[in-house]
file start_30.txt (compact mmCIF, C-alpha atoms and all ligand atoms)
# COMPACT_ATOMS: atom_id res chain seq x y z
CA MET A 1 0.00 0.00 0.00
CA LYS A 2 1.20 3.50 -0.87
CA LEU A 3 2.36 5.84 1.89
CA SER A 4 -0.30 8.42 0.92
CA ASN A 5 -3.07 5.85 1.43
CA MET A 6 -1.60 4.92 4.82
CA LYS A 7 -1.80 8.53 6.05
CA ASN A 8 -5.32 8.90 4.71
CA ARG A 9 -6.40 6.13 7.11
CA ILE A 10 -5.35 8.22 10.12
CA ALA A 11 -8.17 10.07 11.93
CA VAL A 12 -7.76 12.63 14.70
CA GLY A 13 -9.14 11.75 18.14
CA THR A 14 -10.34 14.78 20.07
CA VAL A 15 -10.93 13.72 23.67
CA GLN A 16 -7.82 15.73 24.63
CA PHE A 17 -9.33 18.84 22.97
CA GLY A 18 -12.22 18.87 25.43
CA LEU A 19 -10.84 17.30 28.61
CA ASP A 20 -7.60 17.12 30.55
CA TYR A 21 -7.22 13.43 29.72
CA GLY A 22 -4.71 10.58 29.51
CA ILE A 23 -1.92 9.09 31.62
CA ALA A 24 0.77 10.31 29.21
CA ASN A 25 -0.73 13.77 28.78
CA LYS A 26 1.64 16.28 30.43
CA TYR A 27 0.04 19.36 28.90
CA GLY A 28 -3.66 19.19 29.92
CA GLN A 29 -6.45 20.23 27.60
CA VAL A 30 -5.12 21.07 24.12
CA SER A 31 -5.25 24.83 23.40
CA VAL A 32 -7.19 26.31 20.49
CA ASP A 33 -3.93 27.49 18.86
CA GLU A 34 -2.58 23.97 19.09
CA ILE A 35 -5.78 22.54 17.57
CA GLU A 36 -5.39 24.96 14.65
CA ASP A 37 -1.78 23.83 14.12
CA ILE A 38 -2.86 20.17 14.23
CA PHE A 39 -5.58 20.86 11.65
CA GLU A 40 -3.18 22.67 9.33
CA CYS A 41 -0.76 19.77 9.51
CA ALA A 42 -3.62 17.29 8.94
CA LYS A 43 -4.84 19.19 5.90
CA LYS A 44 -1.37 19.14 4.31
CA ASN A 45 -1.38 15.37 4.74
CA SER A 46 -4.90 14.77 3.37
CA ILE A 47 -6.24 13.68 6.74
CA ASP A 48 -9.93 14.46 6.80
CA THR A 49 -11.65 12.60 9.65
CA LEU A 50 -12.28 13.72 13.24
CA ASP A 51 -13.56 11.55 16.05
CA THR A 52 -15.33 13.36 18.86
CA ALA A 53 -18.19 12.80 21.32
CA ILE A 54 -20.90 14.78 23.02
CA GLY A 55 -19.33 13.50 26.24
CA TYR A 56 -15.82 14.89 25.60
CA GLY A 57 -16.17 18.07 27.69
CA ASP A 58 -16.25 21.13 25.42
CA SER A 59 -14.52 19.34 22.53
CA GLU A 60 -17.44 19.86 20.10
CA SER A 61 -17.77 23.63 20.74
CA ARG A 62 -14.04 24.16 20.44
CA LEU A 63 -14.00 22.22 17.19
CA GLY A 64 -16.91 24.36 15.97
CA ALA A 65 -15.04 27.53 16.92
CA VAL A 66 -11.91 26.42 15.05
CA GLY A 67 -14.03 25.38 12.03
CA VAL A 68 -14.63 21.81 10.92
CA THR A 69 -16.92 22.15 7.90
CA GLN A 70 -14.16 20.70 5.70
CA TRP A 71 -13.85 17.62 7.89
CA ASN A 72 -15.72 14.34 8.09
CA VAL A 73 -16.89 14.61 11.69
CA ILE A 74 -17.94 11.58 13.70
CA THR A 75 -19.50 12.19 17.08
CA LYS A 76 -20.93 9.91 19.76
CA LEU A 77 -24.33 9.94 21.35
CA PRO A 78 -24.25 9.47 25.14
CA ALA A 79 -26.23 6.83 27.02
CA LEU A 80 -30.00 7.28 27.01
CA PRO A 81 -31.14 8.79 30.34
CA ASP A 82 -32.95 6.34 32.65
CA SER A 83 -36.01 8.57 32.78
CA ILE A 84 -36.40 8.91 29.01
CA ILE A 85 -39.94 8.90 27.59
CA ASP A 86 -39.67 10.16 24.00
CA VAL A 87 -36.56 8.50 22.54
CA LYS A 88 -36.99 9.92 19.06
CA SER A 89 -37.19 13.57 20.23
CA TRP A 90 -34.31 13.09 22.66
CA VAL A 91 -32.03 11.66 19.94
CA ARG A 92 -32.98 14.32 17.38
CA ASP A 93 -32.49 17.10 19.93
CA ALA A 94 -29.10 15.75 21.06
CA ILE A 95 -27.83 15.46 17.48
CA LYS A 96 -29.14 18.90 16.46
CA LYS A 97 -27.40 20.46 19.49
CA SER A 98 -24.22 18.61 18.66
CA MET A 99 -24.34 19.95 15.08
CA LEU A 100 -24.93 23.47 16.39
CA ARG A 101 -21.87 23.22 18.65
CA LEU A 102 -19.81 21.81 15.81
CA GLN A 103 -21.28 24.39 13.39
CA VAL A 104 -21.86 21.77 10.69
CA ASP A 105 -24.99 20.85 8.78
CA GLN A 106 -24.11 17.20 8.37
CA LEU A 107 -22.31 14.58 10.41
CA SER A 108 -20.28 11.89 8.74
CA GLY A 109 -21.13 9.48 11.53
CA VAL A 110 -22.91 9.10 14.84
CA LEU A 111 -21.77 6.28 17.11
CA LEU A 112 -23.51 5.09 20.23
CA HIS A 113 -21.26 5.66 23.23
CA ARG A 114 -23.24 3.00 25.13
CA PRO A 115 -24.27 0.53 22.44
CA SER A 116 -25.97 -1.77 24.98
CA ASP A 117 -28.83 0.79 24.81
CA LEU A 118 -29.73 -0.95 21.54
CA LEU A 119 -30.36 -4.17 23.46
CA ASP A 120 -32.62 -2.60 26.09
CA LYS A 121 -36.32 -1.87 25.89
CA HIS A 122 -35.78 1.35 23.89
CA GLY A 123 -33.42 -0.33 21.39
CA ASP A 124 -35.70 -0.38 18.36
CA ARG A 125 -36.82 3.22 18.91
CA LEU A 126 -33.20 4.33 19.29
CA TYR A 127 -32.16 2.58 16.09
CA SER A 128 -35.08 3.95 14.09
CA ALA A 129 -34.46 7.49 15.42
CA LEU A 130 -30.92 7.29 14.05
CA GLU A 131 -32.12 5.75 10.77
CA GLU A 132 -34.56 8.64 10.36
CA LEU A 133 -31.77 11.19 10.82
CA LYS A 134 -29.86 9.27 8.18
CA CYS A 135 -32.84 9.39 5.79
CA ASP A 136 -33.15 13.14 6.43
CA GLY A 137 -29.51 13.53 5.36
CA LEU A 138 -28.32 14.89 8.72
CA ILE A 139 -26.04 11.94 9.34
CA GLU A 140 -24.32 9.70 6.84
CA LYS A 141 -23.49 6.62 8.90
CA ILE A 142 -24.54 5.13 12.20
CA GLY A 143 -22.50 2.87 14.41
CA ALA A 144 -21.22 1.92 17.84
CA SER A 145 -18.13 2.45 19.93
CA VAL A 146 -17.37 -0.77 21.82
CA TYR A 147 -14.85 -1.69 24.51
CA ALA A 148 -14.63 -5.40 23.71
CA PRO A 149 -15.52 -7.65 20.75
CA GLU A 150 -17.93 -9.64 22.96
CA GLU A 151 -20.33 -6.71 22.64
CA LEU A 152 -20.59 -7.24 18.88
CA GLY A 153 -22.44 -10.58 18.74
CA PRO A 154 -25.60 -9.39 20.54
CA LEU A 155 -25.59 -6.11 18.58
CA TYR A 156 -25.27 -7.78 15.18
CA SER A 157 -27.93 -10.36 16.03
CA ARG A 158 -30.43 -7.45 15.94
CA TYR A 159 -29.02 -4.58 13.90
CA ASN A 160 -26.78 -3.66 11.02
CA LEU A 161 -24.32 -0.88 11.69
CA ASP A 162 -22.24 1.17 9.25
CA ILE A 163 -19.27 1.78 11.58
CA ILE A 164 -17.74 -0.05 14.52
CA GLN A 165 -15.06 1.63 16.61
CA ALA A 166 -13.05 -0.65 18.89
CA PRO A 167 -9.73 -0.68 20.74
CA PHE A 168 -6.85 -2.39 18.91
CA ASN A 169 -3.11 -2.32 19.49
CA ILE A 170 -0.03 -4.56 19.66
CA LEU A 171 -1.09 -5.89 23.09
CA ASP A 172 -4.85 -5.93 22.58
CA ARG A 173 -5.48 -8.02 19.47
CA ARG A 174 -8.95 -9.20 20.51
CA LEU A 175 -10.67 -7.63 17.51
CA LYS A 176 -8.60 -9.78 15.14
CA GLU A 177 -8.25 -12.90 17.27
CA SER A 178 -12.01 -13.07 17.91
CA GLY A 179 -12.64 -13.20 14.15
CA TRP A 180 -14.63 -9.94 14.28
CA LEU A 181 -12.16 -8.02 12.12
CA ASP A 182 -12.92 -10.44 9.25
CA ARG A 183 -16.64 -10.63 10.01
CA LEU A 184 -17.13 -6.87 10.08
CA SER A 185 -15.06 -6.37 6.98
CA ASN A 186 -16.88 -9.15 5.07
CA GLN A 187 -20.25 -7.60 5.78
CA GLY A 188 -19.13 -4.13 4.72
CA THR A 189 -18.98 -2.44 8.14
CA GLU A 190 -16.38 0.33 8.34
CA ILE A 191 -13.83 -0.50 11.03
CA HIS A 192 -12.28 2.28 13.10
CA VAL A 193 -9.76 1.48 15.81
CA ARG A 194 -8.65 3.55 18.79
CA SER A 195 -6.23 3.18 21.70
CA VAL A 196 -3.42 2.23 19.31
CA PHE A 197 -0.93 3.70 21.82
CA LEU A 198 -2.97 2.59 24.85
CA GLN A 199 -3.21 6.18 26.09
CA GLY A 200 0.50 6.60 25.33
CA LEU A 201 1.59 3.77 27.68
CA LEU A 202 3.05 1.83 24.72
CA LEU A 203 5.22 4.79 23.78
CA MET A 204 6.78 5.30 27.21
CA SER A 205 10.31 4.34 28.13
CA SER A 206 10.56 1.73 30.90
CA GLN A 207 11.48 4.36 33.52
CA ASP A 208 8.40 6.45 32.70
CA ARG A 209 5.87 3.62 33.14
CA ALA A 210 3.99 4.05 36.41
CA GLY A 211 4.52 1.56 39.23
CA GLN A 212 1.12 -0.06 38.73
CA PHE A 213 2.33 -1.43 35.37
CA ARG A 214 5.35 -3.28 36.90
CA ARG A 215 3.07 -6.33 37.34
CA TRP A 216 3.62 -7.02 33.64
CA GLU A 217 7.42 -6.70 33.92
CA GLN A 218 8.14 -9.76 31.76
CA LEU A 219 5.92 -8.53 28.98
CA TRP A 220 7.60 -5.10 29.06
CA ALA A 221 11.03 -6.75 29.01
CA ARG A 222 10.05 -8.72 25.87
CA TRP A 223 8.67 -5.50 24.29
CA ASP A 224 11.78 -3.42 25.08
CA ASP A 225 14.17 -6.19 23.93
CA TRP A 226 12.32 -6.74 20.69
CA LEU A 227 12.24 -3.01 19.92
CA ASN A 228 16.02 -2.88 20.38
CA GLU A 229 16.45 -5.89 18.16
CA VAL A 230 14.37 -4.57 15.23
CA GLU A 231 15.64 -1.00 15.66
CA LEU A 232 12.20 0.54 15.32
CA THR A 233 10.60 3.13 17.58
CA PRO A 234 7.48 2.16 19.58
CA LEU A 235 5.56 4.74 17.52
CA GLN A 236 6.58 3.08 14.23
CA VAL A 237 5.61 -0.34 15.56
CA CYS A 238 2.27 0.71 17.08
CA LEU A 239 1.24 2.42 13.85
CA GLY A 240 2.80 -0.18 11.54
CA TYR A 241 0.93 -2.96 13.32
CA VAL A 242 -2.56 -1.46 13.03
CA LEU A 243 -2.04 0.01 9.56
CA SER A 244 -0.87 -3.35 8.26
CA GLU A 245 -4.38 -4.69 8.91
CA LEU A 246 -5.84 -3.49 5.65
CA GLN A 247 -9.44 -4.20 6.73
CA ILE A 248 -9.13 -1.33 9.20
CA ASN A 249 -10.53 1.78 7.55
CA LYS A 250 -9.52 4.39 10.12
CA VAL A 251 -6.88 4.51 12.84
CA ILE A 252 -7.85 7.14 15.40
CA VAL A 253 -4.87 8.72 17.10
CA GLY A 254 -4.95 10.86 20.21
CA VAL A 255 -2.47 13.74 20.26
CA ASP A 256 -1.70 16.29 22.98
CA ASN A 257 0.12 18.71 20.65
CA VAL A 258 1.13 19.23 17.03
CA GLU A 259 4.58 17.71 17.68
CA HIS A 260 2.93 14.38 18.55
CA PHE A 261 0.96 14.63 15.35
CA ARG A 262 4.05 15.32 13.23
CA GLU A 263 5.85 12.41 14.89
CA ILE A 264 2.91 10.17 14.04
CA LEU A 265 2.91 11.24 10.41
CA ASN A 266 6.66 10.73 10.13
CA ALA A 267 6.36 7.27 11.66
CA THR A 268 3.54 6.25 9.31
CA LYS A 269 5.48 4.27 6.75
CA ASP A 270 4.37 1.65 4.29
CA ILE A 271 5.95 -1.12 6.32
CA ILE A 272 4.27 -4.28 7.46
CA VAL A 273 5.46 -5.12 10.95
CA LYS A 274 5.36 -8.73 12.11
CA ILE A 275 4.96 -8.50 15.86
CA PRO A 276 5.93 -11.50 18.00
CA ASP A 277 2.91 -13.46 19.27
CA ASN A 278 4.24 -13.32 22.81
CA LEU A 279 3.57 -9.58 23.00
CA SER A 280 -0.19 -10.14 22.78
CA CYS A 281 -1.99 -9.78 26.12
CA ASN A 282 -5.55 -10.59 27.17
CA ASP A 283 -5.27 -9.29 30.73
CA LEU A 284 -8.06 -6.73 30.97
CA ASP A 285 -6.33 -5.03 33.91
CA LEU A 286 -3.68 -3.93 31.44
CA ILE A 287 -5.49 -3.56 28.11
CA ASN A 288 -8.60 -1.80 29.43
CA PRO A 289 -7.59 1.65 30.74
CA ALA A 290 -10.94 1.94 32.55
CA ARG A 291 -9.46 -0.63 35.00
CA TRP A 292 -6.28 1.30 35.72
CA ASN A 293 -5.95 2.91 39.15
CA LEU A 294 -5.57 6.50 38.10
N1 LIG A 301 5.33 11.03 21.01
C1 LIG A 301 4.53 10.82 21.99
O1 LIG A 301 4.90 10.78 23.17
C2 LIG A 301 3.10 10.61 21.69
C3 LIG A 301 2.61 10.64 20.39
C4 LIG A 301 1.27 10.41 20.17
C5 LIG A 301 0.42 10.16 21.24
N2 LIG A 301 0.91 10.14 22.50
C6 LIG A 301 0.06 9.89 23.67
O2 LIG A 301 -0.92 8.94 23.34
C7 LIG A 301 -2.18 9.42 23.82
C8 LIG A 301 -3.30 8.89 22.96
O3 LIG A 301 -3.30 7.50 22.96
P1 LIG A 301 -4.26 6.67 21.98
O4 LIG A 301 -4.33 7.33 20.65
O5 LIG A 301 -3.83 5.26 22.10
O6 LIG A 301 -5.69 6.88 22.58
P2 LIG A 301 -6.35 6.40 23.95
O7 LIG A 301 -6.26 7.56 24.87
O8 LIG A 301 -5.83 5.11 24.44
O9 LIG A 301 -7.81 6.08 23.47
C9 LIG A 301 -8.73 7.01 23.09
C10 LIG A 301 -10.13 6.54 23.46
O10 LIG A 301 -10.15 5.28 24.15
C11 LIG A 301 -11.06 5.31 25.22
N3 LIG A 301 -10.38 5.19 26.52
C12 LIG A 301 -9.07 5.32 26.74
N4 LIG A 301 -8.82 5.28 28.05
C13 LIG A 301 -9.97 5.09 28.68
C14 LIG A 301 -10.35 4.99 30.05
N5 LIG A 301 -9.50 5.16 31.06
N6 LIG A 301 -11.61 4.76 30.34
C15 LIG A 301 -12.49 4.64 29.35
N7 LIG A 301 -12.18 4.77 28.05
C16 LIG A 301 -10.95 5.00 27.71
C17 LIG A 301 -11.69 6.67 25.17
O11 LIG A 301 -12.87 6.51 24.45
P3 LIG A 301 -14.26 6.91 25.07
O12 LIG A 301 -14.06 7.75 26.30
O13 LIG A 301 -14.89 7.67 24.00
O14 LIG A 301 -14.93 5.63 25.34
C18 LIG A 301 -10.73 7.51 24.38
O15 LIG A 301 -11.32 8.52 23.61
C19 LIG A 301 -2.07 10.93 23.74
O16 LIG A 301 -2.95 11.56 24.66
C20 LIG A 301 -0.60 11.16 24.08
O17 LIG A 301 -0.44 11.37 25.47
C21 LIG A 301 2.24 10.35 22.75

call {"tool": "encode", "arguments": {"input": "start_30.txt", "output": "structure tokens", "more": "lines below"}}
Ligand SMILES: NC(=O)c1ccc[n+]([C@@H]2O[C@H](COP(=O)([O-])OP(=O)(O)OC[C@H]3O[C@@H](n4cnc5c(N)ncnc54)[C@H](OP(=O)(O)O)[C@@H]3O)[C@@H](O)[C@H]2O)c1
result
Amino acid sequence: MKLSNMKNRIAVGTVQFGLDYGIANKYGQVSVDEIEDIFECAKKNSIDTLDTAIGYGDSESRLGAVGVTQWNVITKLPALPDSIIDVKSWVRDAIKKSMLRLQVDQLSGVLLHRPSDLLDKHGDRLYSALEELKCDGLIEKIGASVYAPEELGPLYSRYNLDIIQAPFNILDRRLKESGWLDRLSNQGTEIHVRSVFLQGLLLMSSQDRAGQFRRWEQLWARWDDWLNEVELTPLQVCLGYVLSELQINKVIVGVDNVEHFREILNATKDIIVKIPDNLSCNDLDLINPARWNL
């Protein structure tokens, strides 16, 4: 695959634009000037997709203020409130407000931030509310953001989705190993992956990894040794691994500043990296950041 096509599969994650977020983030919420620099750099590299969420603090309004009409914007709908009565109006209202904040008249995608809502009593109404917005031309694609591939079976037994976003990285290969990468691709679902740097943990030197991660000392030793052996940077390997899975349509990267973004673009080469099997890890305490003691 050509280098240009590789870069075009990168999408910009924006949680850091709206919240002070991430274990590796030393700079706090990304400033508006920095967002503008990131966008300029993205534009020069034909990167055109943004991943945001209604739940990411003031990310949507800041994106709107900077100007995102030239971007394909994907946002996420939060969990339905427990007390909800009129699902259709609630969904329409939430999406319209999101579009107002973003200052766009169309969304490239809307993902459910809590897809299990589709399996509850309001599931069919939720799905048809989104389908209606799609028919009206306000949104192009609908989908779900999942934390684990086990969520996909129940969802796909009831609904078809245009996009699935899931975590995927050199340690967390569940999407591929579960067979869902093939299944989703075969049925024409767009596959977006996130957490390719596991919040930046995979890019840290051994001395910078917090004490809580020493439990996996042997795994880190194998990782550090192998990196030395192949003479690649962790950034090159993390990106090379996910980009070499050609069924993945978008690789969402989180950046705290434009330097990170430039480093990512420089490390995005048309190389296929064969990662040793013994670097894969299914321990949820490590691969699911929601379980870290932060
Ligand atoms: N050169 C460098 O040092 C360099 C370069 C690039 C990036 N980085 C670091 O890498 C970080 C980005 O890493 P990444 O791209 O792999 O993204 P990530 O932060 O691992 O993942 C992004 C998404 O995963 C979900 N997630 C992550 N942690 C979670 C938690 N504790 N609880 C629940 N959900 C969680 C969140 O989705 P939801 O909340 O939407 O569910 C979040 O939007 C940057 O912030 C930066 O610090 C460093």

call {"tool": "axis_aligned_box", "arguments": {"input": "start_30.txt", "around": "ligand LIG 301 (chain A)", "padding_each_side": "5 Å", "output": "AutoDock Vina command-line options"}}
result
--center_x -4.8 --center_y 8.1 --center_z 25.6 --size_x 30.3 --size_y 16.9 --size_z 20.9

call {"tool": "residues_near_ligand", "arguments": {"input": "start_30.txt", "ligand": "ligand LIG 301 (chain A)", "cutoff": "8 Å", "atoms": "all atoms listed in the file", "output": "PyMOL selection string"}}
result
chain A and resi 13-16+21-26+52-53+55-56+76+113+145-147+167+194-201+203-204+235+252-256+259-261+263-264+288-292

call {"tool": "atom_distance", "arguments": {"input": "start_30.txt", "atom1": "CA of Gln165 in chain A", "atom2": "CA of Glu245 in chain A"}}
result
14.6 Å

call {"tool": "atom_distance", "arguments": {"input": "start_30.txt", "atom1": "CA of Asp117 in chain A", "atom2": "CA of Leu130 in chain A"}}
result
12.7 Å

call {"tool": "residues_near_point", "arguments": {"input": "start_30.txt", "point": "(-14.4, 4.2, 13.0)", "cutoff": "12 Å", "atoms": "all atoms listed in the file", "output": "compact mmCIF listing (two decimals) with C-alpha atoms, in the frame of the given file"}}
result
# COMPACT_ATOMS: atom_id res chain seq x y z
CA ARG A 9 -6.40 6.13 7.11
CA ILE A 10 -5.35 8.22 10.12
CA ALA A 11 -8.17 10.07 11.93
CA VAL A 12 -7.76 12.63 14.70
CA GLY A 13 -9.14 11.75 18.14
CA THR A 49 -11.65 12.60 9.65
CA LEU A 50 -12.28 13.72 13.24
CA ASP A 51 -13.56 11.55 16.05
CA THR A 52 -15.33 13.36 18.86
CA ASN A 72 -15.72 14.34 8.09
CA VAL A 73 -16.89 14.61 11.69
CA ILE A 74 -17.94 11.58 13.70
CA THR A 75 -19.50 12.19 17.08
CA LYS A 76 -20.93 9.91 19.76
CA SER A 108 -20.28 11.89 8.74
CA GLY A 109 -21.13 9.48 11.53
CA VAL A 110 -22.91 9.10 14.84
CA LEU A 111 -21.77 6.28 17.11
CA LEU A 112 -23.51 5.09 20.23
CA LYS A 141 -23.49 6.62 8.90
CA ILE A 142 -24.54 5.13 12.20
CA GLY A 143 -22.50 2.87 14.41
CA ALA A 144 -21.22 1.92 17.84
CA SER A 145 -18.13 2.45 19.93
CA VAL A 146 -17.37 -0.77 21.82
CA LEU A 161 -24.32 -0.88 11.69
CA ASP A 162 -22.24 1.17 9.25
CA ILE A 163 -19.27 1.78 11.58
CA ILE A 164 -17.74 -0.05 14.52
CA GLN A 165 -15.06 1.63 16.61
CA ALA A 166 -13.05 -0.65 18.89
CA PRO A 167 -9.73 -0.68 20.74
CA PHE A 168 -6.85 -2.39 18.91
CA LEU A 184 -17.13 -6.87 10.08
CA THR A 189 -18.98 -2.44 8.14
CA GLU A 190 -16.38 0.33 8.34
CA ILE A 191 -13.83 -0.50 11.03
CA HIS A 192 -12.28 2.28 13.10
CA VAL A 193 -9.76 1.48 15.81
CA ARG A 194 -8.65 3.55 18.79
CA SER A 195 -6.23 3.18 21.70
CA GLN A 247 -9.44 -4.20 6.73
CA ILE A 248 -9.13 -1.33 9.20
CA ASN A 249 -10.53 1.78 7.55
CA LYS A 250 -9.52 4.39 10.12
CA VAL A 251 -6.88 4.51 12.84
CA ILE A 252 -7.85 7.14 15.40
CA VAL A 253 -4.87 8.72 17.10

call {"tool": "residues_around", "arguments": {"input": "start_30.txt", "residues": "range 92-107 of chain A", "least_positions_apart": "4", "cutoff": "9 Å", "atoms": "all atoms listed in the file", "output": "list in words"}}
result
Ala53, Ile54, Ser59, Glu60, Ser61, Arg62, Leu63, Gly64, Ala65, Gly67, Val68, Thr69, Asn72, Val73, Ile74, Thr75, Leu77, Pro78, Val87, Lys88, Ala129, Leu130, Leu133, Gly137, Leu138, Ile139, Glu140 and Lys141 of chain A

call {"tool": "closest_residue", "arguments": {"input": "start_30.txt", "among": "A:Lys274, A:Arg174, A:Gly153, A:Val91", "to": "Glu132 in chain A", "atoms": "only C-alpha atoms"}}
result
A:Val91

call {"tool": "closest_residue", "arguments": {"input": "start_30.txt", "among": "A:Asn169, A:Ser185, A:Leu175, A:Trp223", "to": "Cys238 in chain A", "atoms": "all atoms listed in the file"}}
result
A:Asn169

call {"tool": "atom_distance", "arguments": {"input": "start_30.txt", "atom1": "CA of Gly188 in chain A", "atom2": "CA of Gly240 in chain A"}}
result
23.3 Å

call {"tool": "residues_around", "arguments": {"input": "start_30.txt", "residues": "Asp37 in chain A", "least_positions_apart": "3", "cutoff": "10 Å", "atoms": "only C-alpha atoms", "output": "short mmCIF file (atom, residue, chain, number, x, y, z; two decimals) with C-alpha atoms, keeping the file's coordinate frame"}}
result
data_model
loop_
_atom_site.label_atom_id
_atom_site.label_comp_id
_atom_site.auth_asym_id
_atom_site.auth_seq_id
_atom_site.Cartn_x
_atom_site.Cartn_y
_atom_site.Cartn_z
CA SER A 31 -5.25 24.83 23.40
CA VAL A 32 -7.19 26.31 20.49
CA ASP A 33 -3.93 27.49 18.86
CA GLU A 34 -2.58 23.97 19.09
CA GLU A 40 -3.18 22.67 9.33
CA CYS A 41 -0.76 19.77 9.51
CA ALA A 42 -3.62 17.29 8.94
CA LYS A 43 -4.84 19.19 5.90
CA ASN A 257 0.12 18.71 20.65
CA VAL A 258 1.13 19.23 17.03
CA GLU A 259 4.58 17.71 17.68
CA PHE A 261 0.96 14.63 15.35
#

call {"tool": "build_atoms", "arguments": {"input": "start_30.txt", "residues": "range 133-139 of chain A", "atoms": "all heavy atoms", "output": "PDB file, keeping the file's coordinate frame"}}
result
ATOM      1  N   LEU A 133     -32.714  10.074  11.021  1.00  0.00           N
ATOM      2  CA  LEU A 133     -31.770  11.190  10.820  1.00  0.00           C
ATOM      3  C   LEU A 133     -30.906  10.930   9.590  1.00  0.00           C
ATOM      4  O   LEU A 133     -30.519  11.851   8.870  1.00  0.00           O
ATOM      5  CB  LEU A 133     -30.894  11.380  12.060  1.00  0.00           C
ATOM      6  CG  LEU A 133     -31.614  11.902  13.306  1.00  0.00           C
ATOM      7  CD1 LEU A 133     -30.714  11.826  14.520  1.00  0.00           C
ATOM      8  CD2 LEU A 133     -32.062  13.346  13.088  1.00  0.00           C
ATOM      9  N   LYS A 134     -30.637   9.651   9.362  1.00  0.00           N
ATOM     10  CA  LYS A 134     -29.860   9.270   8.180  1.00  0.00           C
ATOM     11  C   LYS A 134     -30.693   9.540   6.916  1.00  0.00           C
ATOM     12  O   LYS A 134     -30.196  10.132   5.960  1.00  0.00           O
ATOM     13  CB  LYS A 134     -29.533   7.779   8.300  1.00  0.00           C
ATOM     14  CG  LYS A 134     -28.294   7.333   7.577  1.00  0.00           C
ATOM     15  CD  LYS A 134     -27.940   5.925   7.993  1.00  0.00           C
ATOM     16  CE  LYS A 134     -27.598   5.076   6.815  1.00  0.00           C
ATOM     17  NZ  LYS A 134     -27.195   3.716   7.197  1.00  0.00           N
ATOM     18  N   CYS A 135     -31.950   9.143   6.950  1.00  0.00           N
ATOM     19  CA  CYS A 135     -32.840   9.390   5.790  1.00  0.00           C
ATOM     20  C   CYS A 135     -32.985  10.879   5.522  1.00  0.00           C
ATOM     21  O   CYS A 135     -33.036  11.308   4.373  1.00  0.00           O
ATOM     22  CB  CYS A 135     -34.230   8.825   6.043  1.00  0.00           C
ATOM     23  SG  CYS A 135     -34.257   7.058   5.966  1.00  0.00           S
ATOM     24  N   ASP A 136     -33.016  11.686   6.586  1.00  0.00           N
ATOM     25  CA  ASP A 136     -33.150  13.140   6.430  1.00  0.00           C
ATOM     26  C   ASP A 136     -31.848  13.783   5.935  1.00  0.00           C
ATOM     27  O   ASP A 136     -31.794  15.003   5.730  1.00  0.00           O
ATOM     28  CB  ASP A 136     -33.515  13.813   7.768  1.00  0.00           C
ATOM     29  CG  ASP A 136     -34.908  13.407   8.234  1.00  0.00           C
ATOM     30  OD1 ASP A 136     -35.646  12.818   7.426  1.00  0.00           O
ATOM     31  OD2 ASP A 136     -35.237  13.672   9.412  1.00  0.00           O
ATOM     32  N   GLY A 137     -30.782  13.000   5.857  1.00  0.00           N
ATOM     33  CA  GLY A 137     -29.510  13.530   5.360  1.00  0.00           C
ATOM     34  C   GLY A 137     -28.691  14.269   6.406  1.00  0.00           C
ATOM     35  O   GLY A 137     -27.694  14.899   6.092  1.00  0.00           O
ATOM     36  N   LEU A 138     -29.101  14.195   7.683  1.00  0.00           N
ATOM     37  CA  LEU A 138     -28.320  14.890   8.720  1.00  0.00           C
ATOM     38  C   LEU A 138     -27.082  14.080   9.112  1.00  0.00           C
ATOM     39  O   LEU A 138     -26.060  14.643   9.495  1.00  0.00           O
ATOM     40  CB  LEU A 138     -29.174  15.143   9.967  1.00  0.00           C
ATOM     41  CG  LEU A 138     -30.350  16.100   9.817  1.00  0.00           C
ATOM     42  CD1 LEU A 138     -30.997  16.377  11.145  1.00  0.00           C
ATOM     43  CD2 LEU A 138     -29.880  17.412   9.191  1.00  0.00           C
ATOM     44  N   ILE A 139     -27.214  12.770   9.047  1.00  0.00           N
ATOM     45  CA  ILE A 139     -26.040  11.940   9.340  1.00  0.00           C
ATOM     46  C   ILE A 139     -25.860  10.916   8.218  1.00  0.00           C
ATOM     47  O   ILE A 139     -26.825  10.456   7.622  1.00  0.00           O
ATOM     48  CB  ILE A 139     -26.129  11.250  10.729  1.00  0.00           C
ATOM     49  CG1 ILE A 139     -27.328  10.324  10.868  1.00  0.00           C
ATOM     50  CG2 ILE A 139     -26.161  12.261  11.836  1.00  0.00           C
ATOM     51  CD1 ILE A 139     -27.466   9.741  12.274  1.00  0.00           C
TER      52      ILE A 139
END
